[in-house]
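Source file: coords_20.cif (mmCIF, C-alpha atoms and all ligand atoms)
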```cif
data_coords
#
loop_
_atom_site.label_atom_id
_atom_site.label_comp_id
_atom_site.auth_asym_id
_atom_site.auth_seq_id
_atom_site.Cartn_x
_atom_site.Cartn_y
_atom_site.Cartn_z
CA MET A 1 -70.94 -127.24 44.26
CA SER A 2 -74.55 -127.87 45.17
CA ARG A 3 -77.30 -129.99 43.65
CA GLU A 4 -80.80 -128.67 43.03
CA ILE A 5 -84.03 -129.87 41.45
CA ARG A 6 -85.40 -127.86 38.56
CA LEU A 7 -88.73 -127.97 36.80
CA ALA A 8 -88.04 -129.48 33.34
CA SER A 9 -91.62 -129.42 32.01
CA ARG A 10 -95.10 -128.67 33.33
CA PRO A 11 -96.92 -131.81 34.53
CA LYS A 12 -100.17 -132.84 32.89
CA GLY A 13 -102.23 -134.73 35.46
CA ILE A 14 -100.15 -136.58 38.06
CA PRO A 15 -96.50 -135.39 37.90
CA THR A 16 -93.88 -137.88 36.69
CA ALA A 17 -90.10 -138.02 37.21
CA ASP A 18 -89.59 -136.65 33.66
CA ASN A 19 -91.05 -133.30 34.73
CA PHE A 20 -87.97 -132.68 36.91
CA VAL A 21 -84.21 -132.65 36.56
CA LEU A 22 -81.47 -132.91 39.19
CA ALA A 23 -78.73 -130.42 38.27
CA GLN A 24 -75.40 -129.24 39.69
CA THR A 25 -74.84 -125.58 40.34
CA GLU A 26 -71.95 -123.48 41.56
CA LEU A 27 -72.49 -120.89 44.29
CA GLY A 28 -70.64 -117.59 43.92
CA PRO A 29 -68.42 -116.13 46.68
CA LEU A 30 -70.27 -114.73 49.69
CA GLN A 31 -70.90 -110.96 49.58
CA ASP A 32 -71.51 -108.59 52.50
CA GLN A 33 -74.90 -109.20 54.17
CA GLN A 34 -75.10 -112.75 52.77
CA VAL A 35 -75.30 -116.12 54.52
CA LEU A 36 -74.35 -119.57 53.18
CA VAL A 37 -76.70 -122.33 54.38
CA ARG A 38 -76.55 -126.12 54.01
CA ASN A 39 -80.02 -127.65 54.01
CA LEU A 40 -80.62 -130.51 56.44
CA PHE A 41 -84.28 -131.21 55.57
CA MET A 42 -86.62 -130.01 52.84
CA SER A 43 -90.36 -130.17 52.57
CA VAL A 44 -92.55 -131.52 49.78
CA ASP A 45 -96.11 -130.20 49.88
CA PRO A 46 -99.31 -130.63 47.83
CA TYR A 47 -99.57 -126.86 47.15
CA MET A 48 -96.38 -127.09 45.06
CA ARG A 49 -98.40 -128.97 42.42
CA GLY A 50 -100.39 -125.76 41.76
CA ARG A 51 -97.18 -123.78 41.26
CA MET A 52 -96.14 -126.22 38.52
CA ASN A 53 -99.04 -125.02 36.33
CA ASP A 54 -98.65 -121.87 34.29
CA ARG A 55 -101.66 -120.26 35.91
CA LYS A 56 -102.30 -117.17 37.99
CA SER A 57 -102.77 -117.99 41.68
CA TYR A 58 -101.88 -116.64 45.13
CA VAL A 59 -98.19 -117.44 44.42
CA PRO A 60 -96.44 -117.15 41.05
CA PRO A 61 -95.85 -120.36 39.02
CA PHE A 62 -92.46 -122.08 39.18
CA GLU A 63 -90.34 -121.17 36.17
CA LEU A 64 -89.19 -123.83 33.71
CA GLY A 65 -85.47 -124.58 33.97
CA LYS A 66 -85.21 -122.88 37.39
CA PRO A 67 -84.91 -124.58 40.79
CA LEU A 68 -88.15 -125.27 42.66
CA ALA A 69 -88.67 -123.56 46.02
CA GLY A 70 -90.28 -124.58 49.29
CA GLY A 71 -89.78 -124.94 53.03
CA ALA A 72 -86.41 -126.12 54.34
CA VAL A 73 -84.39 -126.35 57.56
CA GLY A 74 -80.68 -125.73 57.27
CA GLU A 75 -77.49 -124.92 59.13
CA VAL A 76 -75.47 -121.76 58.61
CA ILE A 77 -72.03 -122.65 57.22
CA GLU A 78 -70.62 -119.16 56.71
CA SER A 79 -72.00 -115.70 57.39
CA ARG A 80 -71.12 -112.16 56.37
CA ALA A 81 -74.16 -110.77 58.21
CA LYS A 82 -74.16 -109.95 61.93
CA GLU A 83 -77.58 -111.59 62.42
CA PHE A 84 -76.25 -115.16 61.89
CA LYS A 85 -73.16 -117.19 62.74
CA PRO A 86 -71.97 -120.65 61.64
CA GLY A 87 -73.91 -123.40 63.39
CA ASP A 88 -77.17 -121.44 63.62
CA VAL A 89 -80.22 -123.35 62.44
CA VAL A 90 -82.66 -121.55 60.19
CA THR A 91 -85.81 -122.17 58.16
CA SER A 92 -86.24 -120.68 54.70
CA ASN A 93 -88.11 -121.05 51.46
CA TYR A 94 -84.95 -122.33 49.70
CA GLY A 95 -85.88 -126.02 49.59
CA TRP A 96 -85.16 -128.42 46.70
CA ARG A 97 -81.39 -127.71 46.88
CA GLU A 98 -78.47 -128.73 49.07
CA TYR A 99 -76.81 -125.32 49.65
CA PHE A 100 -77.91 -121.74 49.07
CA ILE A 101 -76.92 -118.13 49.69
CA ALA A 102 -79.51 -115.75 51.14
CA SER A 103 -79.90 -112.43 52.91
CA PRO A 104 -80.72 -112.45 56.65
CA LYS A 105 -84.31 -111.33 56.10
CA GLU A 106 -84.98 -114.52 54.11
CA LEU A 107 -83.97 -116.68 57.08
CA HIS A 108 -85.90 -117.47 60.25
CA PRO A 109 -83.82 -118.63 63.26
CA VAL A 110 -85.03 -121.70 65.17
CA ASN A 111 -83.82 -123.45 68.30
CA ARG A 112 -81.38 -126.25 67.44
CA GLN A 113 -82.08 -128.00 70.77
CA THR A 114 -85.57 -128.89 69.53
CA GLN A 115 -85.37 -132.33 67.92
CA PRO A 116 -85.88 -133.60 65.35
CA LEU A 117 -85.15 -130.37 63.47
CA SER A 118 -87.58 -131.52 60.76
CA VAL A 119 -90.36 -130.65 63.23
CA TYR A 120 -89.96 -127.09 61.89
CA LEU A 121 -91.41 -128.33 58.60
CA GLY A 122 -94.20 -130.27 60.34
CA ALA A 123 -95.97 -129.68 63.64
CA LEU A 124 -93.94 -126.51 64.42
CA GLY A 125 -93.76 -125.41 60.80
CA MET A 126 -96.02 -124.39 57.95
CA THR A 127 -98.32 -127.41 58.13
CA GLY A 128 -98.75 -127.23 61.91
CA MET A 129 -99.50 -123.54 61.59
CA THR A 130 -102.08 -124.32 58.91
CA ALA A 131 -103.88 -126.66 61.32
CA TRP A 132 -103.79 -124.01 64.07
CA VAL A 133 -104.99 -121.18 61.81
CA GLY A 134 -107.82 -123.35 60.44
CA LEU A 135 -109.18 -124.17 63.89
CA ASN A 136 -108.94 -120.53 64.99
CA LEU A 137 -110.66 -119.35 61.83
CA VAL A 138 -114.01 -120.87 62.78
CA GLU A 139 -113.41 -120.79 66.54
CA VAL A 140 -113.43 -124.51 67.17
CA LYS A 141 -114.36 -125.05 70.82
CA ALA A 142 -114.97 -127.74 73.44
CA GLY A 143 -117.93 -129.96 72.58
CA ASP A 144 -117.75 -129.43 68.81
CA VAL A 145 -117.87 -132.56 66.68
CA VAL A 146 -115.07 -132.02 64.16
CA PHE A 147 -114.58 -134.08 61.01
CA ILE A 148 -111.14 -133.89 59.34
CA SER A 149 -110.32 -135.32 55.91
CA GLY A 150 -106.76 -136.16 54.89
CA ALA A 151 -106.53 -136.74 58.63
CA ALA A 152 -103.31 -138.77 58.70
CA GLY A 153 -101.42 -136.16 56.66
CA ALA A 154 -99.29 -133.29 57.93
CA VAL A 155 -102.07 -130.74 58.46
CA GLY A 156 -104.79 -133.26 59.30
CA ASN A 157 -103.12 -135.11 62.17
CA VAL A 158 -102.09 -131.88 63.90
CA ALA A 159 -105.56 -130.38 63.40
CA GLY A 160 -107.05 -133.47 65.03
CA GLN A 161 -104.63 -133.46 67.96
CA LEU A 162 -105.25 -129.74 68.58
CA ALA A 163 -109.02 -130.22 68.36
CA LYS A 164 -108.74 -133.00 70.97
CA LEU A 165 -106.72 -130.64 73.20
CA ARG A 166 -109.61 -128.16 72.86
CA GLY A 167 -112.09 -130.79 74.08
CA CYS A 168 -113.74 -131.70 70.77
CA ARG A 169 -114.98 -135.04 69.52
CA VAL A 170 -112.78 -135.76 66.50
CA ILE A 171 -113.54 -137.92 63.47
CA GLY A 172 -110.95 -138.54 60.75
CA SER A 173 -110.88 -140.05 57.29
CA ALA A 174 -107.70 -141.40 55.69
CA GLY A 175 -106.70 -143.76 52.89
CA SER A 176 -105.51 -146.97 54.60
CA ALA A 177 -106.08 -149.24 57.61
CA GLU A 178 -102.56 -148.37 58.85
CA LYS A 179 -103.44 -144.64 58.82
CA VAL A 180 -106.71 -145.29 60.65
CA ARG A 181 -104.80 -147.14 63.38
CA PHE A 182 -102.29 -144.28 63.64
CA LEU A 183 -105.10 -141.75 64.14
CA ARG A 184 -106.80 -143.81 66.81
CA ASP A 185 -103.78 -145.17 68.69
CA GLU A 186 -101.29 -142.30 68.41
CA CYS A 187 -103.32 -139.14 67.82
CA GLY A 188 -106.31 -139.86 70.07
CA PHE A 189 -109.02 -139.39 67.42
CA ASP A 190 -112.39 -140.71 68.59
CA VAL A 191 -113.53 -142.39 65.35
CA ASP A 192 -111.72 -142.93 62.06
CA PHE A 193 -112.47 -144.62 58.81
CA ASN A 194 -110.70 -145.61 55.62
CA TYR A 195 -112.47 -143.66 52.88
CA LYS A 196 -111.30 -146.20 50.30
CA ALA A 197 -113.01 -149.10 52.12
CA GLY A 198 -116.64 -148.10 51.48
CA PRO A 199 -118.99 -145.32 50.38
CA MET A 200 -117.88 -141.99 51.83
CA LEU A 201 -121.23 -140.66 53.05
CA GLU A 202 -122.30 -144.00 54.56
CA GLN A 203 -119.06 -144.22 56.54
CA LEU A 204 -119.30 -140.62 57.70
CA ASN A 205 -122.92 -141.05 58.80
CA LEU A 206 -121.94 -144.13 60.79
CA ALA A 207 -119.05 -142.26 62.43
CA ALA A 208 -121.18 -139.20 63.26
CA ARG A 209 -124.73 -140.40 63.85
CA ASP A 210 -125.86 -136.99 65.11
CA GLY A 211 -123.98 -134.98 62.51
CA ILE A 212 -120.92 -132.76 62.69
CA ASP A 213 -120.37 -129.13 63.75
CA VAL A 214 -117.13 -128.47 61.89
CA TYR A 215 -115.58 -129.90 58.74
CA PHE A 216 -111.81 -129.35 58.23
CA ASP A 217 -111.49 -129.85 54.47
CA ASN A 218 -108.12 -130.96 53.10
CA VAL A 219 -109.51 -132.93 50.20
CA GLY A 220 -112.57 -131.36 48.50
CA GLY A 221 -114.62 -133.34 45.95
CA GLU A 222 -116.74 -136.21 47.19
CA THR A 223 -115.61 -135.73 50.80
CA LEU A 224 -116.79 -132.13 50.86
CA GLU A 225 -120.11 -133.27 49.43
CA ALA A 226 -120.48 -135.88 52.20
CA ALA A 227 -119.58 -133.28 54.85
CA LEU A 228 -122.21 -130.85 53.50
CA SER A 229 -124.77 -133.60 54.09
CA ALA A 230 -123.51 -134.43 57.58
CA LEU A 231 -123.14 -130.86 58.90
CA ARG A 232 -125.66 -129.66 61.46
CA VAL A 233 -127.52 -126.34 61.32
CA HIS A 234 -125.03 -123.44 61.74
CA GLY A 235 -122.12 -125.81 60.96
CA ARG A 236 -118.75 -124.41 59.84
CA ILE A 237 -116.39 -125.51 57.08
CA ILE A 238 -112.66 -124.76 57.17
CA ALA A 239 -111.68 -124.64 53.49
CA CYS A 240 -108.01 -125.59 53.73
CA GLY A 241 -107.25 -127.70 50.65
CA GLY A 242 -108.70 -129.78 47.83
CA ILE A 243 -106.05 -132.35 46.98
CA SER A 244 -108.53 -134.66 45.22
CA GLY A 245 -108.61 -132.13 42.37
CA TYR A 246 -104.99 -130.92 42.16
CA ASN A 247 -104.08 -133.19 39.24
CA GLU A 248 -107.30 -132.73 37.28
CA GLU A 249 -106.78 -130.99 33.96
CA LYS A 250 -110.26 -129.51 33.98
CA PRO A 251 -111.97 -128.51 37.23
CA ARG A 252 -114.74 -130.88 38.25
CA PRO A 253 -118.23 -129.43 38.89
CA GLY A 254 -118.75 -128.37 42.51
CA PRO A 255 -120.76 -130.27 45.12
CA SER A 256 -124.25 -131.18 43.92
CA ASN A 257 -125.63 -130.46 47.40
CA LEU A 258 -124.28 -126.93 47.90
CA PHE A 259 -127.82 -125.80 48.70
CA ASN A 260 -127.16 -127.16 52.22
CA MET A 261 -125.19 -123.93 52.78
CA ILE A 262 -128.51 -122.11 52.72
CA THR A 263 -130.91 -124.53 54.37
CA LYS A 264 -128.51 -125.23 57.25
CA ARG A 265 -127.14 -121.63 57.43
CA LEU A 266 -123.56 -122.94 57.07
CA THR A 267 -120.36 -120.87 57.06
CA MET A 268 -117.38 -121.76 54.87
CA LYS A 269 -114.10 -119.89 55.37
CA GLY A 270 -111.03 -120.25 53.21
CA PHE A 271 -107.51 -119.14 54.12
CA ILE A 272 -103.88 -119.18 53.03
CA VAL A 273 -101.50 -119.76 55.91
CA PHE A 274 -98.89 -117.34 54.50
CA ASP A 275 -101.31 -114.45 55.24
CA TRP A 276 -100.93 -115.26 58.94
CA LEU A 277 -97.16 -114.98 59.29
CA ASP A 278 -97.50 -111.97 61.61
CA ARG A 279 -99.03 -114.42 64.13
CA ARG A 280 -96.07 -116.82 63.90
CA GLY A 281 -94.76 -115.82 67.36
CA GLN A 282 -98.07 -116.73 68.99
CA PHE A 283 -98.24 -120.02 67.07
CA GLU A 284 -94.67 -120.97 68.06
CA LYS A 285 -95.34 -120.19 71.70
CA GLU A 286 -98.64 -122.07 71.91
CA ILE A 287 -97.89 -125.09 69.73
CA GLY A 288 -94.21 -125.23 70.70
CA GLY A 289 -95.43 -125.40 74.32
CA TYR A 290 -97.65 -128.41 73.56
CA PHE A 291 -94.83 -130.12 71.65
CA ARG A 292 -92.24 -129.63 74.40
CA ALA A 293 -94.74 -130.79 77.03
CA GLY A 294 -95.28 -134.01 75.06
CA LYS A 295 -98.93 -133.16 74.36
CA LEU A 296 -98.51 -132.93 70.59
CA LYS A 297 -96.91 -135.63 68.44
CA ASN A 298 -94.89 -134.76 65.35
CA LYS A 299 -95.38 -137.70 63.02
CA GLU A 300 -93.32 -137.77 59.85
CA THR A 301 -92.30 -139.95 56.90
CA VAL A 302 -88.63 -139.34 56.12
CA VAL A 303 -87.12 -140.02 52.71
CA GLU A 304 -83.33 -139.71 52.36
CA GLY A 305 -81.40 -137.86 49.64
CA ILE A 306 -82.15 -135.06 47.22
CA ASP A 307 -82.40 -137.66 44.42
CA GLN A 308 -85.45 -139.10 46.26
CA ALA A 309 -87.25 -135.74 46.63
CA VAL A 310 -89.26 -135.98 43.40
CA GLY A 311 -90.49 -139.46 44.35
CA ALA A 312 -91.47 -138.15 47.79
CA PHE A 313 -93.42 -135.29 46.21
CA ILE A 314 -95.26 -137.57 43.75
CA GLY A 315 -95.95 -139.97 46.64
CA LEU A 316 -98.15 -137.33 48.32
CA PHE A 317 -100.78 -137.91 45.63
CA ASP A 318 -100.69 -141.63 46.30
CA GLY A 319 -100.93 -141.40 50.08
CA LYS A 320 -97.36 -142.68 50.65
CA ASN A 321 -96.92 -140.51 53.76
CA VAL A 322 -98.13 -140.86 57.32
CA GLY A 323 -97.77 -137.43 58.92
CA LYS A 324 -95.46 -134.89 57.30
CA MET A 325 -93.46 -136.00 54.25
CA VAL A 326 -89.90 -134.66 54.60
CA VAL A 327 -86.66 -135.25 52.73
CA LYS A 328 -83.42 -135.55 54.72
CA LEU A 329 -80.54 -134.00 52.82
CA THR A 330 -77.44 -135.16 54.67
N1 LIG B 401 -104.75 -123.24 53.01
C1 LIG B 401 -103.46 -123.33 53.28
O1 LIG B 401 -102.78 -122.36 53.59
C2 LIG B 401 -102.81 -124.68 53.24
C3 LIG B 401 -101.51 -124.88 53.77
C4 LIG B 401 -100.96 -126.17 53.75
C5 LIG B 401 -101.67 -127.22 53.17
N2 LIG B 401 -102.91 -126.97 52.64
C6 LIG B 401 -103.69 -128.06 52.05
O2 LIG B 401 -103.98 -128.99 53.07
C7 LIG B 401 -104.10 -130.29 52.51
C8 LIG B 401 -103.18 -131.25 53.26
O3 LIG B 401 -101.84 -130.83 53.04
P1 LIG B 401 -100.66 -131.62 53.76
O4 LIG B 401 -99.43 -130.83 53.57
O5 LIG B 401 -101.08 -131.97 55.14
O6 LIG B 401 -100.53 -132.94 52.88
P2 LIG B 401 -100.64 -134.41 53.43
O7 LIG B 401 -102.04 -134.60 53.92
O8 LIG B 401 -99.54 -134.68 54.37
O9 LIG B 401 -100.39 -135.29 52.14
C9 LIG B 401 -101.32 -135.47 51.16
C10 LIG B 401 -102.33 -136.58 51.52
O10 LIG B 401 -103.51 -136.37 50.74
C11 LIG B 401 -104.18 -137.59 50.59
N3 LIG B 401 -104.69 -137.68 49.22
C12 LIG B 401 -103.99 -137.71 48.07
N4 LIG B 401 -104.82 -137.78 47.01
C13 LIG B 401 -106.08 -137.80 47.51
C14 LIG B 401 -107.39 -137.89 46.92
N5 LIG B 401 -107.56 -137.95 45.60
N6 LIG B 401 -108.47 -137.92 47.76
C15 LIG B 401 -108.30 -137.86 49.09
N7 LIG B 401 -107.10 -137.77 49.70
C16 LIG B 401 -106.00 -137.75 48.92
C17 LIG B 401 -103.18 -138.72 50.88
O11 LIG B 401 -103.60 -139.37 52.07
P3 LIG B 401 -104.67 -140.61 52.04
O12 LIG B 401 -103.84 -141.85 52.16
O13 LIG B 401 -105.51 -140.34 53.22
O14 LIG B 401 -105.40 -140.55 50.72
C18 LIG B 401 -101.87 -137.98 51.14
O15 LIG B 401 -101.09 -138.59 52.12
C19 LIG B 401 -103.77 -130.14 51.03
O16 LIG B 401 -104.96 -130.03 50.31
C20 LIG B 401 -102.99 -128.86 50.98
O17 LIG B 401 -103.03 -128.25 49.73
C21 LIG B 401 -103.48 -125.74 52.67
#
```

In structure tokens, what does this structure look like?
Ligand SMILES: NC(=O)c1ccc[n+]([C@@H]2O[C@H](COP(=O)([O-])OP(=O)(O)OC[C@H]3O[C@@H](n4cnc5c(N)ncnc54)[C@H](OP(=O)(O)O)[C@@H]3O)[C@@H](O)[C@H]2O)c1
Amino acid sequence: MSREIRLASRPKGIPTADNFVLAQTELGPLQDQQVLVRNLFMSVDPYMRGRMNDRKSYVPPFELGKPLAGGAVGEVIESRAKEFKPGDVVTSNYGWREYFIASPKELHPVNRQTQPLSVYLGALGMTGMTAWVGLNLVEVKAGDVVFISGAAGAVGNVAGQLAKLRGCRVIGSAGSAEKVRFLRDECGFDVDFNYKAGPMLEQLNLAARDGIDVYFDNVGGETLEAALSALRVHGRIIACGGISGYNEEKPRPGPSNLFNMITKRLTMKGFIVFDWLDRRGQFEKEIGGYFRAGKLKNKETVVEGIDQAVGAFIGLFDGKNVGKMVVKLT
């Protein structure tokens, strides 16, 4: 017997608990070339909100009445495939459930000595890789002034720490005084501000009196508009996410000052981290090296129990997490 969370109805606006149902399911006997895994941690991520809409995107929508999917770290319980043995630790896309059966090619082995194992959902997982890909995309280099929104979140805090390791001046915006302190005291950001405490553009201009070279956009909306104003000539924008609009039923009009792209000769590059999986080895070597050397912190907010996973997911849209939001399943 295993428990899993299914999509009961498609959310309108901010998701509510009624959109989900916790159900029991029975797993069939293991066949040849199959592996039984017990999940230890699962991830909740903002991009999952897009998959709850019935709309064409870069990944298919979640199906009503079926379990959700997403990143997870688990332990092999039984294996009928030579690639894995009981006790191995693996990542997969079989989150939102306690146990699952998969083929070896759907599992990625990780080192169980690396602790906490939830780091494979955060700094050494999809969100850490997103930060790394974003910085590489526009060749962030020493001396750049880099502004990061959603800075205390999973992608943002790693992007800031990596930019500091590259010798940049790093500015972050986040939604509470506690998050601002975390960025300054634990992540080494140079300047941070609480975007809820005053007008966005005023605060950004104060933080970056001479402008910014790079904007790492996790948020979109008003923050992107402020960044377009603050960017210097030949500035670069990393278009990573736009969480401020994920629960809007109708898309909001774009930035009123987009003409800055032309007058300042700006570059804006978007990306989807899943397109970069062939570079995972390089990412794991580089970022794993920083993590093991103590140069990169893996900050996380841990919620316990599959029955708390929906609340953890909804909490992302209310800023409940500092660092990566993960759900512990044992
Ligand atoms: N392109 C890719 O391949 C890729 C991959 C992964 C993630 N992403 C994107 O990267 C962004 C960050 O993802 P993450 O996993 O690191 O999530 P996260 O930042 O850990 O969690 C979401 C955070 O967003 C902030 N937020 C929520 N509503 C907001 C609003 N209306 N305006 C401003 N901030 C708001 C909250 O922090 P505050 O307290 O600061 O408001 C919240 O903690 C998301 O947009 C996500 O979709 C893109």

Subject >> Neighbour list for Phe283 in chain A as a list in words, cut-off 12 Å, only C-alpha atoms, skip fewer than 5 positions in-chain >> reply: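 Residues near the query, excluding close chain neighbours: Ala123, Leu124, Gly125, Met126, Thr127, Gly128, Met129, Thr130, Ala131, Trp132, Val133, Asn136, Val273, Trp276, Leu277, Asp278, Gly288, Gly289, Tyr290 and Phe291 of chain A.
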
Original post:
What does the distance from CA of Gly13 in chain A to CA of Tyr246 in chain A come to in Å, to one decimal?
Top reply: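 Calculated distance between CA of Gly13 in chain A and CA of Tyr246 in chain A is 8.2 Å.
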
Original post:
Which of these, A:Gly150, A:Gly65, A:Gly188, A:Pro199, has the shortest distance to Ser176 in chain A once you count all atoms listed in the file?
Top reply: A:Gly150

Subject >> Selected residue of minimal separation from ligand LIG 401 (chain B) among A:Leu162, A:Ala293, A:Val140, A:Val44, counting all atoms listed in the file >> reply: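 Checking each of A:Leu162, A:Ala293, A:Val140, A:Val44 against ligand LIG 401 (chain B), counting all atoms listed in the file, the winner is A:Val44.
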
Closest atom pairs, chain A residues within 6 Å of ligand LIG 401 (chain B), only C-alpha atoms and all ligand atoms, as a Markdown table:
```
| residue | atom | partner | partner_atom | distance |
| --- | --- | --- | --- | --- |
| A:Asp45 | CA | B:LIG401 | O4 | 5.0 |
| A:Pro46 | CA | B:LIG401 | O17 | 4.8 |
| A:Tyr47 | CA | B:LIG401 | O17 | 4.5 |
| A:Thr127 | CA | B:LIG401 | C4 | 5.3 |
| A:Thr130 | CA | B:LIG401 | C3 | 5.2 |
| A:Gly150 | CA | B:LIG401 | O13 | 4.7 |
| A:Gly153 | CA | B:LIG401 | O7 | 3.2 |
| A:Ala154 | CA | B:LIG401 | O5 | 3.6 |
| A:Val155 | CA | B:LIG401 | O5 | 3.7 |
| A:Gly156 | CA | B:LIG401 | O5 | 5.7 |
| A:Ala174 | CA | B:LIG401 | O13 | 3.5 |
| A:Gly175 | CA | B:LIG401 | O12 | 3.5 |
| A:Ser176 | CA | B:LIG401 | O12 | 5.9 |
| A:Asn218 | CA | B:LIG401 | C7 | 4.1 |
| A:Val219 | CA | B:LIG401 | C15 | 5.2 |
| A:Cys240 | CA | B:LIG401 | N1 | 4.1 |
| A:Gly241 | CA | B:LIG401 | O16 | 3.3 |
| A:Gly242 | CA | B:LIG401 | O16 | 4.5 |
| A:Ile243 | CA | B:LIG401 | O16 | 4.2 |
| A:Ser244 | CA | B:LIG401 | N5 | 3.5 |
| A:Phe271 | CA | B:LIG401 | N1 | 5.1 |
| A:Ile272 | CA | B:LIG401 | O1 | 3.4 |
| A:Val273 | CA | B:LIG401 | O1 | 3.7 |
| A:Leu316 | CA | B:LIG401 | C9 | 4.6 |
| A:Phe317 | CA | B:LIG401 | C12 | 4.0 |
| A:Asp318 | CA | B:LIG401 | C12 | 5.4 |
| A:Gly319 | CA | B:LIG401 | O15 | 3.5 |
| A:Lys320 | CA | B:LIG401 | O15 | 5.7 |
| A:Asn321 | CA | B:LIG401 | O15 | 4.9 |
| A:Gly323 | CA | B:LIG401 | O8 | 5.6 |
| A:Lys324 | CA | B:LIG401 | O8 | 5.0 |
```

Subject >> Distance query Ser118 in chain A at most 12 Å, all atoms listed in the file, self and fewer than 2 positions along chain excluded, as a ChimeraX atom specification >> reply: /A:39-43,71-74,89-91,110-116,120-127,298-303,323-329

With C-alpha atoms retained, export the selected residues as an mmCIF file, keeping the file's coordinate frame.
```cif
data_model
loop_
_atom_site.group_PDB
_atom_site.id
_atom_site.type_symbol
_atom_site.label_atom_id
_atom_site.label_comp_id
_atom_site.auth_asym_id
_atom_site.auth_seq_id
_atom_site.Cartn_x
_atom_site.Cartn_y
_atom_site.Cartn_z
ATOM 1 C CA ASN A 39 -80.020 -127.650 54.010
ATOM 2 C CA LEU A 40 -80.620 -130.510 56.440
ATOM 3 C CA PHE A 41 -84.280 -131.210 55.570
ATOM 4 C CA MET A 42 -86.620 -130.010 52.840
ATOM 5 C CA SER A 43 -90.360 -130.170 52.570
ATOM 6 C CA GLY A 71 -89.780 -124.940 53.030
ATOM 7 C CA ALA A 72 -86.410 -126.120 54.340
ATOM 8 C CA VAL A 73 -84.390 -126.350 57.560
ATOM 9 C CA GLY A 74 -80.680 -125.730 57.270
ATOM 10 C CA VAL A 89 -80.220 -123.350 62.440
ATOM 11 C CA VAL A 90 -82.660 -121.550 60.190
ATOM 12 C CA THR A 91 -85.810 -122.170 58.160
ATOM 13 C CA VAL A 110 -85.030 -121.700 65.170
ATOM 14 C CA ASN A 111 -83.820 -123.450 68.300
ATOM 15 C CA ARG A 112 -81.380 -126.250 67.440
ATOM 16 C CA GLN A 113 -82.080 -128.000 70.770
ATOM 17 C CA THR A 114 -85.570 -128.890 69.530
ATOM 18 C CA GLN A 115 -85.370 -132.330 67.920
ATOM 19 C CA PRO A 116 -85.880 -133.600 65.350
ATOM 20 C CA TYR A 120 -89.960 -127.090 61.890
ATOM 21 C CA LEU A 121 -91.410 -128.330 58.600
ATOM 22 C CA GLY A 122 -94.200 -130.270 60.340
ATOM 23 C CA ALA A 123 -95.970 -129.680 63.640
ATOM 24 C CA LEU A 124 -93.940 -126.510 64.420
ATOM 25 C CA GLY A 125 -93.760 -125.410 60.800
ATOM 26 C CA MET A 126 -96.020 -124.390 57.950
ATOM 27 C CA THR A 127 -98.320 -127.410 58.130
ATOM 28 C CA ASN A 298 -94.890 -134.760 65.350
ATOM 29 C CA LYS A 299 -95.380 -137.700 63.020
ATOM 30 C CA GLU A 300 -93.320 -137.770 59.850
ATOM 31 C CA THR A 301 -92.300 -139.950 56.900
ATOM 32 C CA VAL A 302 -88.630 -139.340 56.120
ATOM 33 C CA VAL A 303 -87.120 -140.020 52.710
ATOM 34 C CA GLY A 323 -97.770 -137.430 58.920
ATOM 35 C CA LYS A 324 -95.460 -134.890 57.300
ATOM 36 C CA MET A 325 -93.460 -136.000 54.250
ATOM 37 C CA VAL A 326 -89.900 -134.660 54.600
ATOM 38 C CA VAL A 327 -86.660 -135.250 52.730
ATOM 39 C CA LYS A 328 -83.420 -135.550 54.720
ATOM 40 C CA LEU A 329 -80.540 -134.000 52.820
#
```

**OP:** Just the residues within 8 Å of Asp190 in chain A, please, counting only C-alpha atoms, with nothing from its chain fewer than 2 positions along; format it as a list in words.
**Re:**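 Surrounding residues, per the criterion: Arg169, Val170, Ile171, Arg184, Gly188 and Asp192 of chain A.
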
Original post:
Looking at all atoms listed in the file, which of A:Ala239, A:Leu224, A:Val146, A:Ala8 is the one that sits closest to Ala207 in chain A?
Top reply: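 Of A:Ala239, A:Leu224, A:Val146, A:Ala8, the one nearest Ala207 in chain A, counting all atoms listed in the file, is A:Val146.
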
Original post:
For Pro253 in chain A, which residue out of A:Tyr94, A:Gly221, A:Pro86, A:Asp275 is the nearest one, using all atoms listed in the file?
Top reply: A:Gly221
